[in-house]
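Worksheet for the structure shown next.
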Amino acid sequence: MLVISEEEIKKAVTMEDVMKAVEVALVEYSEGRTVTPVRTAISTSQTEGTALFMPSLVEYGGGLGVKFVSVFPKNKDKTIYGVMVLSDVETGQPLALMESSSLTVLRTGAASGLATKYLAKEDALVLGVIGTGSQARGLIEAILHVRPSVREIRLYNRTKSKASVLAEELKARYQEKCPEIVIADEADEAVRAADIIVTATTSERPVFSAESVALGVHINGVGSFKPSMQEIPTEIITSAAKVVVEAKEAALEECGDLINPIEAGLFQADDLYGELGEIINGMRTGRESNEEITVFKSVGLAAMDVVVAKAIYDKALELGIGQKVKL
């Protein structure tokens, strides 16, 4: 078995590699060629943490495995921990054990990058980001990859210093190619007149007002993954031209951004436009006008994890990185 660390994952794959793997996983899922149960979530009441167990089989992508990831918002230094176990599709033999919080950041960013590719305006200039934790890094990287037209990034976090830390990281990483970075004092300031919006929080109520959103915006809602969480205003969900998800079954069971409007009688399951895999494979169209408001609501999908993990494993073997262990 190969043990692959966070640093080795970063050496093994690029965002382009991860996006290609996620694309395969989403299409395979939407075409019914995966076995991907809705994940099991176990909450810890005292610390408000959630442990997630996510198995999947994607034979075409060579992925069979299970990811364990814990999300503990009260942790001071790191809110997400986890491991991924990857097995051989043909024999079931465990192939790799890898750190999965960085895998999660990469595949979550890649999924929203793909959604942005198909649903955002081609000439998007302004990106507004609410929530500047670890997930924001992968999201921004993927969005800039598919929309190099972005010239301004607005960051908002309730703890302003965290937004400042991310701002400095972005400037150091992209240097002269870095878009202008603005740290917003209010969430609405970050999204007003933005062409693309990202929400990556654990909020239980909407993090921006519907009135602050301009026509033609594309929204990637990433943070909420439980029925009690809602980042996107109900008015946006009900008025959007297209609400797209990774997996209808999981989104309708887990996502407060959809469950709350449905329970209020303002939205129906049939109002979902479709799955992202259906847009990628051409079954459904992406953006059709510059006036459409589009929403991609991501809750995560284990099919993405196992295909990305297989890509990381193959590349690690090629590069000779990772630690071989015998159990």
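For the structure tokens, the naming scheme is as follows: chains receive sequential letters (A, B, ...) according to their order of presentation, residues are indexed from 1 within each chain, and ligands are indexed from 1 in presentation order.
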(request) Name all residues at most 8 Å from segment 7-22 of chain A (count only C-alpha atoms; drop same-chain ones fewer than 2 positions away) and give them as JSON, numbers by chain. (result) {"A": [4, 5, 24, 25, 26, 61, 102, 103, 106, 107, 110, 111, 113, 114, 141, 142, 304, 307, 308, 311, 312, 315, 316, 319, 321, 322]}
(message) DSSP on the backbone: which residues in segment 116-309 of chain A end up as alpha helix (DSSP H)? Give the answer as a ChimeraX atom specification.
(response) /A:116-119,134-146,160-174,187-191,234-239,248-254,256-263,276-280,302-309
(message) I'd like the contact shell of Glu254 of chain A - 6 Å cut-off, only C-alpha atoms, skipping same-chain residues fewer than 6 positions apart - returned as a list of chain:residue names.
(response) A:Phe225, A:Lys226, A:Pro227
(request) Give me every strand (DSSP E) residue in segment 17-188 of chain A, going by DSSP on the backbone, as a count of residues only. (result) 52
(request) Could you give me, as a ChimeraX atom specification, the residues within 7 Å of Val126 of chain A, counting only C-alpha atoms and dropping anything in the same chain fewer than 4 positions from it? (result) /A:150-153,194-196
(message) For segment 255-266 of chain A, find every residue with an atom within 8 Å (counting only C-alpha atoms), except residues of its own chain fewer than 6 positions away, and show them as a PyMOL selection string.
(response) chain A and resi 224-234+237-238+297+299
Give me the residues near segment 46-60 of chain A as a short mmCIF file (atom, residue, chain, number, x, y, z; two decimals) with N, CA and C atoms, in the first residue's frame, where near means some atom within 6 Å (using only C-alpha atoms) and where sequence neighbours in that chain fewer than 6 positions away do not count.
```cif
data_model
loop_
_atom_site.label_atom_id
_atom_site.label_comp_id
_atom_site.auth_asym_id
_atom_site.auth_seq_id
_atom_site.Cartn_x
_atom_site.Cartn_y
_atom_site.Cartn_z
N THR A 34 -22.13 4.42 -11.77
CA THR A 34 -21.39 4.34 -10.53
C THR A 34 -22.28 3.73 -9.45
N VAL A 35 -21.65 3.27 -8.41
CA VAL A 35 -22.38 2.89 -7.19
C VAL A 35 -21.93 3.90 -6.13
N THR A 36 -22.82 4.84 -5.81
CA THR A 36 -22.46 5.93 -4.92
C THR A 36 -23.60 6.20 -3.94
N ARG A 39 -23.91 9.68 1.44
CA ARG A 39 -22.95 9.50 2.52
C ARG A 39 -23.61 9.41 3.89
N THR A 40 -22.90 8.78 4.81
CA THR A 40 -23.35 8.70 6.19
C THR A 40 -22.71 9.83 6.98
N VAL A 66 -13.30 4.55 -0.12
CA VAL A 66 -14.13 5.27 0.83
C VAL A 66 -13.31 6.41 1.43
N LYS A 67 -13.96 7.54 1.56
CA LYS A 67 -13.31 8.69 2.19
C LYS A 67 -13.97 8.95 3.53
N PHE A 68 -13.13 9.16 4.53
CA PHE A 68 -13.60 9.65 5.82
C PHE A 68 -13.11 11.08 5.96
N VAL A 69 -14.02 11.99 6.26
CA VAL A 69 -13.61 13.37 6.47
C VAL A 69 -14.40 13.94 7.64
N SER A 70 -13.72 14.68 8.51
CA SER A 70 -14.39 15.31 9.64
C SER A 70 -14.36 16.82 9.46
N VAL A 71 -15.49 17.45 9.75
CA VAL A 71 -15.60 18.91 9.64
C VAL A 71 -15.97 19.43 11.02
N PHE A 72 -15.01 20.06 11.67
CA PHE A 72 -15.21 20.57 13.03
C PHE A 72 -14.96 22.07 13.03
N ALA A 302 -18.95 11.22 -3.54
CA ALA A 302 -17.84 10.27 -3.35
C ALA A 302 -17.29 9.76 -4.67
N ALA A 303 -18.11 9.75 -5.72
CA ALA A 303 -17.61 9.33 -7.03
C ALA A 303 -16.44 10.21 -7.47
#
```
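Coordinates place atom CA of Ile143 of chain A at a distance of 17.7 Å from atom CA of Gly277 of chain A.
Those residues that approach Gly223 of chain A to within 8 Å, counting only C-alpha atoms, are Thr199, Ala200, Thr201, Thr202, Ser203, Glu231, Ser298 and Val299 of chain A; same-chain residues fewer than 6 positions away are not listed.
Distance check against Arg287 of chain A using only C-alpha atoms: of A:Glu122, A:Glu31, A:Glu211, A:Glu90, the minimum falls on A:Glu122.
What separates atom CA of Thr108 of chain A from atom CA of Met283 of chain A is a distance of 22.7 Å.
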(message) So, with only C-alpha atoms as the atoms that count, which of A:Ile183, A:Lys326, A:Asp271, A:Glu253 lies closest to Pro37 of chain A?
(response) A:Glu253
